[in-house]
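Read through the structure below, which is laid out as structure tokens, and then see the notes.
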Amino acid sequence: MNNFTAHPENPAQIPAAVGVLGGGRMGAGIAHAFLASGATVVVVERDGDAAEAARGRVADVLKKSAERGTSTEPLETLSARFSVSTDYSAFTPCGLVVEAVPEDWDLKVAALTAVEDRLDADAWLATNTSSLSVSGLSDNLRRPERFLGLHFFNPVPASLLVEVVLAKSTCAELAGAARSWVEALGKTPVVVNDAPGFASSRLGVAIALEAIRMVEQGVASAEDIDAAMVLGYKFPVGPLKLTDIVGLDVRLGIAEYLSSTLGERFSPPQLLRDMVERGELGRKSGKGFYSWS
């Protein structure tokens with residue numbers, strides 16, 4: 001049976017040992033969230049350099065959390081429960097593993113099947129995909145009933161939302177447990193049935209693509225379009241600045257997938273394609289709709 005633990009100030013249970021596959025910005029944020037809620041966490045990366053980079057990202061998030069006074073435990077205690085590895089067997093003790101590799105179908109299928117092979121039969125498996133079919137991914141697994149989507153949002157430490165995506169085979173026990181895990185992380189679960197783009201990406205990408213078309217057509221500047229949504233609709237950040245934060249290449253990939261599954265209304269604007277081709281990917285490249293230098 002899986003071991004569970006409860007954070008001292010939150011009675012909702014989370015797995016005592018949690019694994020995260022992929023230690024990029026999202027993976028590091030997910031690792032931090034579970035560490036801060038009392039779990040022991042291991043991040044597995046593809047090689048030694050990537051593993052050390054992941055260690056640095058998580059350490060940085062933990063340090064910033066301590067500086068803000070949002071941690072309920074000393075930095076040393078949190079750090080002692082964290083490790084990195086390049087060996088999938090490090091996931092064997094975990095009651096839950098969250099996959100957080102890039103949004104590529106073949107990569108995710110290969111990653112999830114490899115992880116499942118290392119897990120105990122009673123462990124849970126989740127994907128952090130923001131748009132790919134969770135049911136389709138589950139078709140490649142031996143225990144699809146123990147799999148679902150946990151769609152975290154960037155930046156994970158500041159976001160209050162996790163989209164719990166139920167695949168066609170997700171069992172009721174896991175659906176209920178996932179809601180409790182999200183609450184234990186101090187976030188709010190939004191439960192959706194698997195569909196292209198779920199709820200958040202489908203709506204968010206639709207708004208972002210229309211904002212990009214408006215820039216493309218010369219309707220207004222990126223700054224003014226964003227200001228209209230922030231001031232007029234109370235968005236915390238405008239759709240174009242958020243596209244820069246997420247990454248224009250990521251937005252393009254999601255738009256192409258949604259276009260193939262939901263129709264032409266999600267067809268990526270040529271401006272988005274051109275900017276990605278030029279390497280203007282947003283914050284991570286230093287330039288997108290805004291300058292991040």
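Residue names in the structure tokens use chain letters A, B, ... in the order shown, residue numbers from 1 in each chain, and ligand numbers from 1 in the order shown.
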
Practice item. Extract, using only C-alpha atoms, all DNA, RNA and protein residues at most 10 Å from Ala50 in chain A, discarding same-chain residues fewer than 2 positions from it, and format them as a PyMOL selection string. Key: chain A and resi 22-24+44-48+52-56+84-86

Those same residues, written as a JSON list (two decimals), in the first residue's frame with all heavy atoms?
[["chain", "number", "residue", "atom", "x", "y", "z"],
["A", 22, "GLY", "N", 11.55, 15.27, -15.04],
["A", 22, "GLY", "CA", 11.82, 16.53, -15.73],
["A", 22, "GLY", "C", 11.96, 17.66, -14.74],
["A", 22, "GLY", "O", 11.03, 17.95, -13.98],
["A", 23, "GLY", "N", 13.13, 18.28, -14.74],
["A", 23, "GLY", "CA", 13.40, 19.33, -13.76],
["A", 23, "GLY", "C", 13.54, 20.70, -14.36],
["A", 23, "GLY", "O", 14.31, 21.53, -13.87],
["A", 24, "GLY", "N", 12.78, 20.98, -15.43],
["A", 24, "GLY", "CA", 12.75, 22.33, -15.98],
["A", 24, "GLY", "C", 11.98, 23.26, -15.07],
["A", 24, "GLY", "O", 11.74, 22.96, -13.89],
["A", 44, "VAL", "N", 14.00, 13.24, -11.57],
["A", 44, "VAL", "CA", 14.83, 12.46, -12.48],
["A", 44, "VAL", "C", 14.98, 13.21, -13.79],
["A", 44, "VAL", "O", 13.98, 13.69, -14.35],
["A", 44, "VAL", "CB", 14.24, 11.05, -12.72],
["A", 44, "VAL", "CG1", 15.01, 10.32, -13.82],
["A", 44, "VAL", "CG2", 14.26, 10.24, -11.43],
["A", 45, "GLU", "N", 16.22, 13.33, -14.24],
["A", 45, "GLU", "CA", 16.51, 14.01, -15.50],
["A", 45, "GLU", "C", 17.28, 13.09, -16.43],
["A", 45, "GLU", "O", 17.73, 12.01, -16.04],
["A", 45, "GLU", "CB", 17.31, 15.30, -15.24],
["A", 45, "GLU", "CG", 16.46, 16.56, -15.19],
["A", 45, "GLU", "CD", 15.92, 16.97, -16.56],
["A", 45, "GLU", "OE1", 16.15, 16.22, -17.53],
["A", 45, "GLU", "OE2", 15.27, 18.02, -16.65],
["A", 46, "ARG", "N", 17.49, 13.54, -17.67],
["A", 46, "ARG", "CA", 18.04, 12.66, -18.72],
["A", 46, "ARG", "C", 19.53, 12.41, -18.57],
["A", 46, "ARG", "O", 20.03, 11.38, -19.02],
["A", 46, "ARG", "CB", 17.75, 13.26, -20.10],
["A", 46, "ARG", "CG", 18.42, 14.62, -20.33],
["A", 46, "ARG", "CD", 18.01, 15.21, -21.66],
["A", 46, "ARG", "NE", 18.66, 16.49, -21.90],
["A", 46, "ARG", "CZ", 18.22, 17.64, -21.43],
["A", 46, "ARG", "NH1", 17.12, 17.67, -20.69],
["A", 46, "ARG", "NH2", 18.86, 18.76, -21.70],
["A", 47, "ASP", "N", 20.27, 13.36, -17.97],
["A", 47, "ASP", "CA", 21.71, 13.17, -17.81],
["A", 47, "ASP", "C", 22.20, 13.98, -16.62],
["A", 47, "ASP", "O", 21.42, 14.72, -15.99],
["A", 47, "ASP", "CB", 22.48, 13.56, -19.08],
["A", 47, "ASP", "CG", 22.20, 14.98, -19.55],
["A", 47, "ASP", "OD1", 22.11, 15.90, -18.70],
["A", 47, "ASP", "OD2", 22.08, 15.20, -20.77],
["A", 48, "GLY", "N", 23.49, 13.85, -16.32],
["A", 48, "GLY", "CA", 24.04, 14.50, -15.14],
["A", 48, "GLY", "C", 23.95, 16.01, -15.17],
["A", 48, "GLY", "O", 23.62, 16.64, -14.15],
["A", 52, "GLU", "N", 21.83, 18.29, -12.47],
["A", 52, "GLU", "CA", 22.41, 19.36, -11.65],
["A", 52, "GLU", "C", 21.71, 20.68, -11.89],
["A", 52, "GLU", "O", 21.53, 21.49, -10.97],
["A", 52, "GLU", "CB", 23.91, 19.46, -11.91],
["A", 52, "GLU", "CG", 24.71, 18.33, -11.30],
["A", 52, "GLU", "CD", 24.38, 18.11, -9.83],
["A", 52, "GLU", "OE1", 24.46, 19.08, -9.04],
["A", 52, "GLU", "OE2", 24.01, 16.98, -9.47],
["A", 53, "ALA", "N", 21.30, 20.93, -13.14],
["A", 53, "ALA", "CA", 20.55, 22.15, -13.43],
["A", 53, "ALA", "C", 19.21, 22.12, -12.70],
["A", 53, "ALA", "O", 18.76, 23.14, -12.16],
["A", 53, "ALA", "CB", 20.34, 22.28, -14.94],
["A", 54, "ALA", "N", 18.58, 20.95, -12.67],
["A", 54, "ALA", "CA", 17.31, 20.81, -11.95],
["A", 54, "ALA", "C", 17.51, 21.03, -10.45],
["A", 54, "ALA", "O", 16.70, 21.69, -9.79],
["A", 54, "ALA", "CB", 16.72, 19.42, -12.20],
["A", 55, "ARG", "N", 18.62, 20.50, -9.91],
["A", 55, "ARG", "CA", 18.92, 20.71, -8.49],
["A", 55, "ARG", "C", 19.03, 22.21, -8.20],
["A", 55, "ARG", "O", 18.51, 22.70, -7.19],
["A", 55, "ARG", "CB", 20.22, 20.02, -8.12],
["A", 55, "ARG", "CG", 20.52, 20.06, -6.62],
["A", 55, "ARG", "CD", 21.96, 19.63, -6.33],
["A", 55, "ARG", "NE", 22.25, 18.30, -6.82],
["A", 55, "ARG", "CZ", 21.96, 17.18, -6.17],
["A", 55, "ARG", "NH1", 21.36, 17.25, -4.99],
["A", 55, "ARG", "NH2", 22.28, 16.01, -6.68],
["A", 56, "GLY", "N", 19.69, 22.93, -9.08],
["A", 56, "GLY", "CA", 19.85, 24.37, -8.89],
["A", 56, "GLY", "C", 18.53, 25.11, -8.95],
["A", 56, "GLY", "O", 18.29, 26.04, -8.17],
["A", 84, "VAL", "N", 18.09, 14.41, -6.65],
["A", 84, "VAL", "CA", 17.99, 14.31, -8.10],
["A", 84, "VAL", "C", 18.68, 13.02, -8.54],
["A", 84, "VAL", "O", 19.54, 12.48, -7.83],
["A", 84, "VAL", "CB", 18.62, 15.52, -8.82],
["A", 84, "VAL", "CG1", 17.88, 16.80, -8.48],
["A", 84, "VAL", "CG2", 20.10, 15.65, -8.47],
["A", 85, "SER", "N", 18.29, 12.54, -9.71],
["A", 85, "SER", "CA", 18.86, 11.29, -10.21],
["A", 85, "SER", "C", 18.74, 11.27, -11.73],
["A", 85, "SER", "O", 17.97, 12.04, -12.33],
["A", 85, "SER", "CB", 18.12, 10.09, -9.61],
["A", 85, "SER", "OG", 18.63, 8.88, -10.12],
["A", 86, "THR", "N", 19.49, 10.39, -12.34],
["A", 86, "THR", "CA", 19.35, 10.11, -13.78],
["A", 86, "THR", "C", 18.81, 8.70, -14.00],
["A", 86, "THR", "O", 18.74, 8.24, -15.14],
["A", 86, "THR", "CB", 20.70, 10.27, -14.50],
["A", 86, "THR", "OG1", 21.65, 9.37, -13.92],
["A", 86, "THR", "CG2", 21.22, 11.70, -14.38]]

May I have the residues within 10 Å of Asp224 in chain A as a short mmCIF file (atom, residue, chain, number, x, y, z; two decimals) with N, CA, C and O atoms, in the first residue's frame, using only C-alpha atoms and disregarding those fewer than 6 positions away in the same chain?
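Below is the file selection37.cif, written as the result:
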data_model
loop_
_atom_site.label_atom_id
_atom_site.label_comp_id
_atom_site.auth_asym_id
_atom_site.auth_seq_id
_atom_site.Cartn_x
_atom_site.Cartn_y
_atom_site.Cartn_z
N VAL A 215 -2.33 42.13 -33.02
CA VAL A 215 -1.02 42.74 -33.24
C VAL A 215 -0.64 42.61 -34.71
O VAL A 215 -0.17 43.57 -35.34
N VAL A 230 -6.08 43.57 -18.69
CA VAL A 230 -5.75 43.69 -17.26
C VAL A 230 -6.68 44.68 -16.58
O VAL A 230 -7.23 44.40 -15.50
N GLY A 238 -1.60 40.30 -19.00
CA GLY A 238 -2.19 40.29 -20.33
C GLY A 238 -1.85 39.04 -21.12
O GLY A 238 -0.85 38.37 -20.85
#

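Minimum atom-to-atom distance to Glu223 in chain A, evaluated using only C-alpha atoms, belongs to A:Ser291 out of A:Gly253, A:Val162, A:Arg179, A:Ser291.
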
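Among the candidate residues A:Val164, A:Arg118, A:Gly27, A:Gly95, the one lying nearest to Glu183 in chain A is A:Val164, with distances computed using only C-alpha atoms.
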
**Study point:** Within 12 Å of Leu132 in chain A using only C-alpha atoms, minus same-chain residues under 3 positions, as an MDAnalysis selection string
**Key:** chainID A and resid 102:109 127:129 135:138 148:149 151 165 167 194:198 201:202 253:258 260:261
